[in-house]
$ cat coords-v7.txt   # compact mmCIF, C-alpha atoms and all ligand atoms
# COMPACT_ATOMS: atom_id res chain seq x y z
CA MET A 139 -32.99 -14.72 -1.60
CA VAL A 140 -32.99 -18.48 -1.60
CA CYS A 141 -29.88 -20.63 -1.53
CA ILE A 142 -29.89 -24.18 -0.29
CA LYS A 143 -26.23 -24.88 -0.95
CA SER A 144 -23.83 -25.36 1.91
CA VAL A 145 -21.98 -22.24 2.98
CA ASP A 146 -18.38 -22.16 4.20
CA VAL A 147 -16.99 -19.53 6.54
CA PHE A 148 -13.55 -17.94 6.04
CA SER A 149 -11.54 -15.35 7.95
CA LEU A 150 -9.40 -12.69 6.32
CA MET A 151 -6.87 -10.20 7.59
CA SER A 152 -7.33 -6.70 6.15
CA PRO A 153 -6.32 -3.07 6.80
CA ILE A 154 -9.55 -2.61 8.79
CA GLY A 155 -8.96 -5.71 10.88
CA GLU A 156 -10.24 -9.24 10.66
CA MET A 157 -13.09 -9.87 8.26
CA VAL A 158 -15.39 -12.87 7.89
CA MET A 159 -16.85 -14.08 4.60
CA LYS A 160 -19.44 -16.74 3.90
CA ILE A 161 -19.34 -18.40 0.50
CA CYS A 162 -21.27 -21.13 -1.30
CA PRO A 163 -20.31 -22.62 -4.70
CA GLN A 164 -22.43 -19.91 -6.37
CA GLY A 165 -20.67 -17.01 -4.70
CA LEU A 166 -20.54 -14.73 -1.71
CA HIS A 167 -23.27 -14.69 0.92
CA SER A 168 -21.69 -12.18 3.26
CA LEU A 169 -18.56 -10.16 3.99
CA SER A 170 -18.09 -8.14 7.14
CA GLN A 171 -15.63 -7.01 9.76
CA CYS A 172 -15.63 -9.01 12.95
CA ASP A 173 -18.38 -7.84 15.26
CA ASN A 174 -15.92 -7.14 18.05
CA ILE A 175 -14.21 -4.39 16.03
CA GLN A 176 -15.89 -1.20 17.20
CA ASP A 177 -15.02 2.49 17.55
CA LYS A 178 -13.26 1.95 20.87
CA ASN A 179 -10.74 -0.57 19.49
CA PHE A 180 -10.64 0.15 15.74
CA ASP A 181 -6.96 0.12 14.76
CA PRO A 182 -6.61 0.45 10.96
CA GLN A 183 -3.35 -0.70 9.35
CA LYS A 184 -2.89 1.06 6.04
CA GLY A 185 -0.78 -1.08 3.70
CA GLN A 186 -1.79 -4.37 5.30
CA ASP A 187 -2.31 -7.02 2.61
CA VAL A 188 -5.58 -8.93 2.58
CA PHE A 189 -4.99 -12.63 3.08
CA LEU A 190 -6.80 -15.78 4.13
CA ILE A 191 -6.39 -16.86 7.74
CA GLY A 192 -6.58 -20.62 7.92
CA LYS A 193 -6.85 -23.21 5.20
CA LYS A 194 -8.22 -23.09 1.69
CA SER A 195 -11.52 -24.64 0.65
CA GLU A 196 -11.40 -28.13 -0.79
CA ASN A 197 -14.17 -27.15 -3.18
CA ASP A 198 -12.61 -25.55 -6.27
CA ARG A 199 -15.63 -23.38 -7.01
CA VAL A 200 -15.74 -22.06 -3.47
CA GLN A 201 -11.98 -21.46 -3.46
CA LYS A 202 -12.26 -19.49 -6.72
CA HIS A 203 -14.77 -17.13 -5.04
CA VAL A 204 -12.48 -16.84 -2.01
CA GLU A 205 -9.55 -15.82 -4.22
CA GLU A 206 -11.61 -13.39 -6.28
CA CYS A 207 -12.85 -11.70 -3.15
CA ILE A 208 -9.31 -11.39 -1.76
CA GLU A 209 -8.07 -9.99 -5.07
CA TRP A 210 -10.88 -7.43 -5.16
CA LEU A 211 -10.26 -6.36 -1.56
CA ASN A 212 -6.52 -6.02 -2.18
CA ALA A 213 -7.24 -3.79 -5.18
CA TYR A 214 -9.68 -1.76 -3.09
CA PHE A 215 -7.27 -1.23 -0.21
CA ARG A 216 -4.11 -0.72 -2.30
CA ASP A 217 -5.45 1.85 -4.75
CA VAL A 218 -9.15 2.45 -4.78
CA ARG A 219 -9.01 4.00 -8.27
CA ASN A 220 -8.18 0.59 -9.76
CA VAL A 221 -10.99 -1.36 -8.18
CA ILE A 222 -13.55 -0.64 -10.91
CA SER A 223 -11.38 -2.59 -13.37
CA ILE A 224 -11.27 -5.69 -11.13
CA HIS A 225 -13.88 -8.42 -11.52
CA MET A 226 -16.46 -7.98 -8.77
CA PRO A 227 -16.79 -11.19 -6.74
CA ASP A 228 -19.88 -13.22 -7.64
CA ILE A 229 -22.63 -12.70 -5.12
CA CYS A 230 -25.02 -15.54 -4.45
CA VAL A 231 -27.74 -13.63 -2.64
CA PHE A 232 -28.20 -11.36 -5.65
CA THR A 233 -29.22 -14.19 -7.94
CA GLU A 234 -32.89 -13.63 -7.08
CA ILE A 235 -33.56 -9.94 -6.92
CA GLY A 236 -36.84 -8.94 -5.50
CA SER A 237 -36.98 -7.35 -2.10
CA PHE A 238 -36.66 -3.61 -1.55
CA GLN A 239 -33.50 -4.28 0.44
CA GLU A 240 -31.83 -6.14 -2.42
CA ARG A 241 -32.86 -3.47 -4.95
CA VAL A 242 -31.26 -0.79 -2.77
CA TRP A 243 -28.06 -2.82 -2.30
CA LEU A 244 -27.74 -3.54 -6.01
CA SER A 245 -28.41 0.03 -7.09
CA LEU A 246 -25.83 1.30 -4.62
CA ALA A 247 -23.19 -1.23 -5.69
CA LYS A 248 -23.79 -0.49 -9.37
CA ASN A 249 -24.11 3.28 -9.37
CA ILE A 250 -22.13 4.73 -6.47
CA GLY A 251 -18.49 3.86 -7.09
CA PRO A 252 -15.36 5.13 -5.31
CA GLY A 253 -15.19 8.91 -5.19
CA LYS A 254 -18.98 9.22 -5.03
CA VAL A 255 -21.34 9.64 -2.11
CA VAL A 256 -25.13 9.66 -2.07
CA SER A 257 -27.72 10.68 0.52
CA TYR A 258 -30.33 8.32 1.93
CA GLY A 259 -33.02 10.34 0.11
CA GLU A 260 -31.22 10.30 -3.24
CA LEU A 261 -30.74 6.56 -3.00
CA ALA A 262 -34.47 6.15 -2.27
CA LYS A 263 -35.20 8.07 -5.50
CA MET A 264 -32.76 5.86 -7.42
CA VAL A 265 -34.91 2.81 -6.60
CA ASN A 266 -38.12 4.68 -7.48
CA SER A 267 -39.19 5.06 -3.87
CA PRO A 268 -38.90 8.79 -3.17
CA GLY A 269 -39.46 9.55 0.49
CA ALA A 270 -38.30 6.13 1.64
CA SER A 271 -35.10 7.40 3.29
CA GLN A 272 -35.86 5.57 6.52
CA ALA A 273 -36.32 2.27 4.69
CA VAL A 274 -33.04 2.92 2.85
CA GLY A 275 -31.38 3.49 6.23
CA ASN A 276 -32.74 0.16 7.44
CA ALA A 277 -31.46 -1.57 4.29
CA MET A 278 -28.02 -0.05 4.95
CA ALA A 279 -28.04 -1.27 8.55
CA ALA A 280 -28.86 -4.77 7.28
CA ASN A 281 -26.11 -4.78 4.63
CA SER A 282 -24.29 -8.11 4.77
CA LEU A 283 -21.75 -7.28 2.05
CA GLN A 284 -19.52 -4.66 3.61
CA ILE A 285 -17.54 -2.49 1.14
CA LEU A 286 -18.85 -4.49 -1.87
CA VAL A 287 -22.23 -2.90 -1.23
CA PRO A 288 -20.77 0.47 -0.28
CA CYS A 289 -23.14 1.57 2.46
CA HIS A 290 -20.30 3.74 3.81
CA ARG A 291 -20.92 6.02 0.77
CA VAL A 292 -24.44 6.79 1.97
CA ILE A 293 -24.41 9.98 4.03
CA ARG A 294 -26.96 12.46 5.34
CA SER A 295 -28.33 15.14 3.01
CA ASP A 296 -26.57 17.88 5.03
CA GLY A 297 -23.23 16.19 4.30
CA SER A 298 -22.76 14.70 7.75
CA VAL A 299 -21.25 11.25 7.74
CA GLY A 300 -24.04 9.53 9.67
CA GLN A 301 -23.91 6.17 11.34
CA TYR A 302 -22.21 2.91 10.43
CA ALA A 303 -23.17 -0.48 11.83
CA LYS A 304 -25.91 1.16 13.90
CA GLY A 305 -23.41 3.66 15.28
CA LYS A 306 -20.91 1.10 16.56
CA LYS A 307 -18.35 1.54 13.76
CA ASN A 308 -18.61 5.21 12.77
CA SER A 309 -14.81 5.54 12.77
CA VAL A 310 -14.66 2.77 10.14
CA LYS A 311 -17.02 4.76 7.89
CA ASN A 312 -14.79 7.83 8.31
CA TRP A 313 -11.69 5.78 7.52
CA LEU A 314 -13.22 4.26 4.36
CA LEU A 315 -14.40 7.65 3.08
CA GLN A 316 -10.98 9.17 3.74
CA HIS A 317 -9.36 6.17 2.05
CA GLU A 318 -11.53 6.97 -1.00
CA GLY A 319 -10.23 10.53 -1.03
CA TRP A 320 -12.81 12.52 0.94
CA ASN A 321 -12.01 15.22 3.45
CA ILE A 322 -14.06 15.07 6.61
CA VAL A 323 -14.30 18.21 8.74
CA ASN A 324 -16.52 18.44 11.82
CA LYS A 325 -18.10 15.09 10.95
CA LYS A 326 -19.11 16.35 7.50
CA VAL A 327 -17.91 15.21 4.10
CA VAL A 328 -16.62 18.43 2.58
CA GLY A 329 -14.92 17.47 -0.65
CA LEU A 330 -12.60 15.21 -2.54
CA LYS A 331 -8.89 15.63 -2.02
CA ASN A 332 -6.32 14.31 -4.43
CA ILE A 333 -5.45 10.66 -3.87
ZN ZN B 401 -25.51 -19.53 -2.06

$ encode --input "coords-v7.txt" --output "structure tokens"
Amino acid sequence: MVCIKSVDVFSLMSPIGEMVMKICPQGLHSLSQCDNIQDKNFDPQKGQDVFLIGKKSENDRVQKHVEECIEWLNAYFRDVRNVISIHMPDICVFTEIGSFQERVWLSLAKNIGPGKVVSYGELAKMVNSPGASQAVGNAMAANSLQILVPCHRVIRSDGSVGQYAKGKKNSVKNWLLQHEGWNIVNKKVVGLKNI
């Protein structure tokens, strides 16, 4: 994970509140909700368009990544079923795959689309590391590409939703899973409803 290019920071409005993305000319470095959005003040706004707060980049390549990311997020929030047909924003940190963490992120992003969930243990098996559930949990906690690397789709093997952002944003995980069509009863994912 080496990138020596300069990285610009942008803010977005979204249905799950303000998000911050960091982008270099090669693509996205990170995407996440503002740190100050937590369970106690999470106030989702279904139907809110995703848009850039502040001015555009003067670098055309950076601006192209900004727009692609906004387009992808709008597709995701408007109708999650369509998002698989939208070009996934280019991700800079994935240009040199190597670490366990990056392998887990990539496998999750590639294989567990909307309408799917996976347990920590199953995901460990998918990267040929059976038994490494704890390490998978750590990789999820370190995820810097929220939603794009869908760590909210990783749940406990008993079906319970588990933690999000080290337990500070569990209501966001619930909201995203429900947005993707899951029913959650007594903190457990119990089945897909029609969306
Ligand atoms: Zn970069």

$ closest_atom_pairs --input "coords-v7.txt" --of "chain A" --to "ligand ZN 401 (chain B)" --cutoff "9 Å" --atoms "all atoms listed in the file" --output "Markdown table"
| residue | atom | partner | partner_atom | distance |
| --- | --- | --- | --- | --- |
| A:Met139 | CA | B:ZN401 | ZN | 8.9 |
| A:Val140 | CA | B:ZN401 | ZN | 7.6 |
| A:Cys141 | CA | B:ZN401 | ZN | 4.5 |
| A:Ile142 | CA | B:ZN401 | ZN | 6.6 |
| A:Lys143 | CA | B:ZN401 | ZN | 5.5 |
| A:Ser144 | CA | B:ZN401 | ZN | 7.3 |
| A:Val145 | CA | B:ZN401 | ZN | 6.7 |
| A:Lys160 | CA | B:ZN401 | ZN | 9.0 |
| A:Ile161 | CA | B:ZN401 | ZN | 6.8 |
| A:Cys162 | CA | B:ZN401 | ZN | 4.6 |
| A:Pro163 | CA | B:ZN401 | ZN | 6.6 |
| A:Gln164 | CA | B:ZN401 | ZN | 5.3 |
| A:Gly165 | CA | B:ZN401 | ZN | 6.1 |
| A:Leu166 | CA | B:ZN401 | ZN | 6.9 |
| A:His167 | CA | B:ZN401 | ZN | 6.1 |
| A:Ile229 | CA | B:ZN401 | ZN | 8.0 |
| A:Cys230 | CA | B:ZN401 | ZN | 4.7 |
| A:Val231 | CA | B:ZN401 | ZN | 6.3 |
| A:Thr233 | CA | B:ZN401 | ZN | 8.8 |

$ write_last_selection --input "coords-v7.txt" --atoms "C-alpha atoms" --output "CSV table (one decimal), keeping the file's coordinate frame"
chain,number,residue,atom,x,y,z
A,139,MET,CA,-33.0,-14.7,-1.6
A,140,VAL,CA,-33.0,-18.5,-1.6
A,141,CYS,CA,-29.9,-20.6,-1.5
A,142,ILE,CA,-29.9,-24.2,-0.3
A,143,LYS,CA,-26.2,-24.9,-1.0
A,144,SER,CA,-23.8,-25.4,1.9
A,145,VAL,CA,-22.0,-22.2,3.0
A,160,LYS,CA,-19.4,-16.7,3.9
A,161,ILE,CA,-19.3,-18.4,0.5
A,162,CYS,CA,-21.3,-21.1,-1.3
A,163,PRO,CA,-20.3,-22.6,-4.7
A,164,GLN,CA,-22.4,-19.9,-6.4
A,165,GLY,CA,-20.7,-17.0,-4.7
A,166,LEU,CA,-20.5,-14.7,-1.7
A,167,HIS,CA,-23.3,-14.7,0.9
A,229,ILE,CA,-22.6,-12.7,-5.1
A,230,CYS,CA,-25.0,-15.5,-4.4
A,231,VAL,CA,-27.7,-13.6,-2.6
A,233,THR,CA,-29.2,-14.2,-7.9

$ residues_near_point --input "coords-v7.txt" --point "(-9.4, 7.2, 0.9)" --cutoff "9 Å" --atoms "only C-alpha atoms" --output "number ranges by chain"
A: 215, 217-218, 252-253, 313-321, 331, 333

$ write_last_selection --input "coords-v7.txt" --atoms "C-alpha atoms" --output "compact mmCIF listing (two decimals), in the frame of the given file"
# COMPACT_ATOMS: atom_id res chain seq x y z
CA PHE A 215 -7.27 -1.23 -0.21
CA ASP A 217 -5.45 1.85 -4.75
CA VAL A 218 -9.15 2.45 -4.78
CA PRO A 252 -15.36 5.13 -5.31
CA GLY A 253 -15.19 8.91 -5.19
CA TRP A 313 -11.69 5.78 7.52
CA LEU A 314 -13.22 4.26 4.36
CA LEU A 315 -14.40 7.65 3.08
CA GLN A 316 -10.98 9.17 3.74
CA HIS A 317 -9.36 6.17 2.05
CA GLU A 318 -11.53 6.97 -1.00
CA GLY A 319 -10.23 10.53 -1.03
CA TRP A 320 -12.81 12.52 0.94
CA ASN A 321 -12.01 15.22 3.45
CA LYS A 331 -8.89 15.63 -2.02
CA ILE A 333 -5.45 10.66 -3.87

$ atom_distance --input "coords-v7.txt" --atom1 "CA of Gln176 (chain A)" --atom2 "CA of Val299 (chain A)"
16.5 Å

$ atom_distance --input "coords-v7.txt" --atom1 "CA of Trp243 (chain A)" --atom2 "CA of Phe189 (chain A)"
25.6 Å

$ residues_around --input "coords-v7.txt" --residues "Val147 (chain A)" --least-positions-apart "3" --cutoff "12 Å" --atoms "all atoms listed in the file" --output "PyMOL selection string"
chain A and resi 144+150+157-162+166-170+190-195+200-201+204

$ closest_residue --input "coords-v7.txt" --among "A:Ala213, A:Met151, A:Met278, A:Val188" --to "Tyr302 (chain A)" --atoms "only C-alpha atoms"
A:Met278

$ residues_around --input "coords-v7.txt" --residues "region 245-250 of chain A" --least-positions-apart "4" --cutoff "7 Å" --atoms "only C-alpha atoms" --output "list of chain:residue names"
A:Arg241, A:Lys254, A:Val255, A:Leu286, A:Val287, A:Pro288

$ atom_distance --input "coords-v7.txt" --atom1 "CA of Ala277 (chain A)" --atom2 "CA of Ile222 (chain A)"
23.5 Å

$ residues_around --input "coords-v7.txt" --residues "Arg294 (chain A)" --least-positions-apart "3" --cutoff "10 Å" --atoms "only C-alpha atoms" --output "mmCIF file with C-alpha atoms, in the frame of the given file"
data_model
loop_
_atom_site.group_PDB
_atom_site.id
_atom_site.type_symbol
_atom_site.label_atom_id
_atom_site.label_comp_id
_atom_site.auth_asym_id
_atom_site.auth_seq_id
_atom_site.Cartn_x
_atom_site.Cartn_y
_atom_site.Cartn_z
ATOM 1 C CA VAL A 255 -21.340 9.640 -2.110
ATOM 2 C CA VAL A 256 -25.130 9.660 -2.070
ATOM 3 C CA SER A 257 -27.720 10.680 0.520
ATOM 4 C CA TYR A 258 -30.330 8.320 1.930
ATOM 5 C CA GLY A 259 -33.020 10.340 0.110
ATOM 6 C CA GLU A 260 -31.220 10.300 -3.240
ATOM 7 C CA SER A 271 -35.100 7.400 3.290
ATOM 8 C CA ARG A 291 -20.920 6.020 0.770
ATOM 9 C CA GLY A 297 -23.230 16.190 4.300
ATOM 10 C CA SER A 298 -22.760 14.700 7.750
ATOM 11 C CA VAL A 299 -21.250 11.250 7.740
ATOM 12 C CA GLY A 300 -24.040 9.530 9.670
ATOM 13 C CA GLN A 301 -23.910 6.170 11.340
ATOM 14 C CA LYS A 326 -19.110 16.350 7.500
ATOM 15 C CA VAL A 327 -17.910 15.210 4.100
#

$ closest_residue --input "coords-v7.txt" --among "A:Gln272, A:Ile154, A:Gly305, A:Ala280" --to "Asn179 (chain A)" --atoms "all atoms listed in the file"
A:Ile154

$ decode --input "coords-v7.txt" --residues "region 161-197 of chain A" --atoms "C-alpha atoms" --output "mmCIF file, in the first residue's frame"
data_model
loop_
_atom_site.group_PDB
_atom_site.id
_atom_site.type_symbol
_atom_site.label_atom_id
_atom_site.label_comp_id
_atom_site.auth_asym_id
_atom_site.auth_seq_id
_atom_site.Cartn_x
_atom_site.Cartn_y
_atom_site.Cartn_z
ATOM 1 C CA ILE A 161 -8.606 10.925 -3.305
ATOM 2 C CA CYS A 162 -5.365 11.046 -5.277
ATOM 3 C CA PRO A 163 -5.122 11.127 -9.094
ATOM 4 C CA GLN A 164 -5.048 7.302 -9.069
ATOM 5 C CA GLY A 165 -8.263 6.910 -7.108
ATOM 6 C CA LEU A 166 -9.841 6.663 -3.705
ATOM 7 C CA HIS A 167 -7.776 6.333 -0.540
ATOM 8 C CA SER A 168 -10.624 6.415 1.934
ATOM 9 C CA LEU A 169 -14.351 6.973 2.364
ATOM 10 C CA SER A 170 -16.049 7.172 5.729
ATOM 11 C CA GLN A 171 -18.755 8.847 7.740
ATOM 12 C CA CYS A 172 -17.616 11.698 9.933
ATOM 13 C CA ASP A 173 -16.220 10.395 13.191
ATOM 14 C CA ASN A 174 -18.662 12.450 15.215
ATOM 15 C CA ILE A 175 -21.648 10.507 13.832
ATOM 16 C CA GLN A 176 -22.301 7.827 16.434
ATOM 17 C CA ASP A 177 -25.248 5.812 17.741
ATOM 18 C CA LYS A 178 -26.403 8.612 20.023
ATOM 19 C CA ASN A 179 -26.818 11.170 17.210
ATOM 20 C CA PHE A 180 -27.238 9.041 14.058
ATOM 21 C CA ASP A 181 -30.102 10.616 12.110
ATOM 22 C CA PRO A 182 -30.476 8.893 8.711
ATOM 23 C CA GLN A 183 -32.308 10.757 5.941
ATOM 24 C CA LYS A 184 -33.657 8.279 3.426
ATOM 25 C CA GLY A 185 -33.965 9.914 0.001
ATOM 26 C CA GLN A 186 -31.197 12.436 0.622
ATOM 27 C CA ASP A 187 -29.091 12.870 -2.531
ATOM 28 C CA VAL A 188 -25.340 12.459 -2.250
ATOM 29 C CA PHE A 189 -23.556 15.657 -3.209
ATOM 30 C CA LEU A 190 -20.234 17.399 -2.805
ATOM 31 C CA ILE A 191 -19.992 19.997 -0.047
ATOM 32 C CA GLY A 192 -17.543 22.669 -1.092
ATOM 33 C CA LYS A 193 -15.678 23.176 -4.314
ATOM 34 C CA LYS A 194 -14.570 20.799 -7.026
ATOM 35 C CA SER A 195 -10.992 19.675 -7.522
ATOM 36 C CA GLU A 196 -8.911 21.607 -10.025
ATOM 37 C CA ASN A 197 -7.252 18.358 -11.032
#
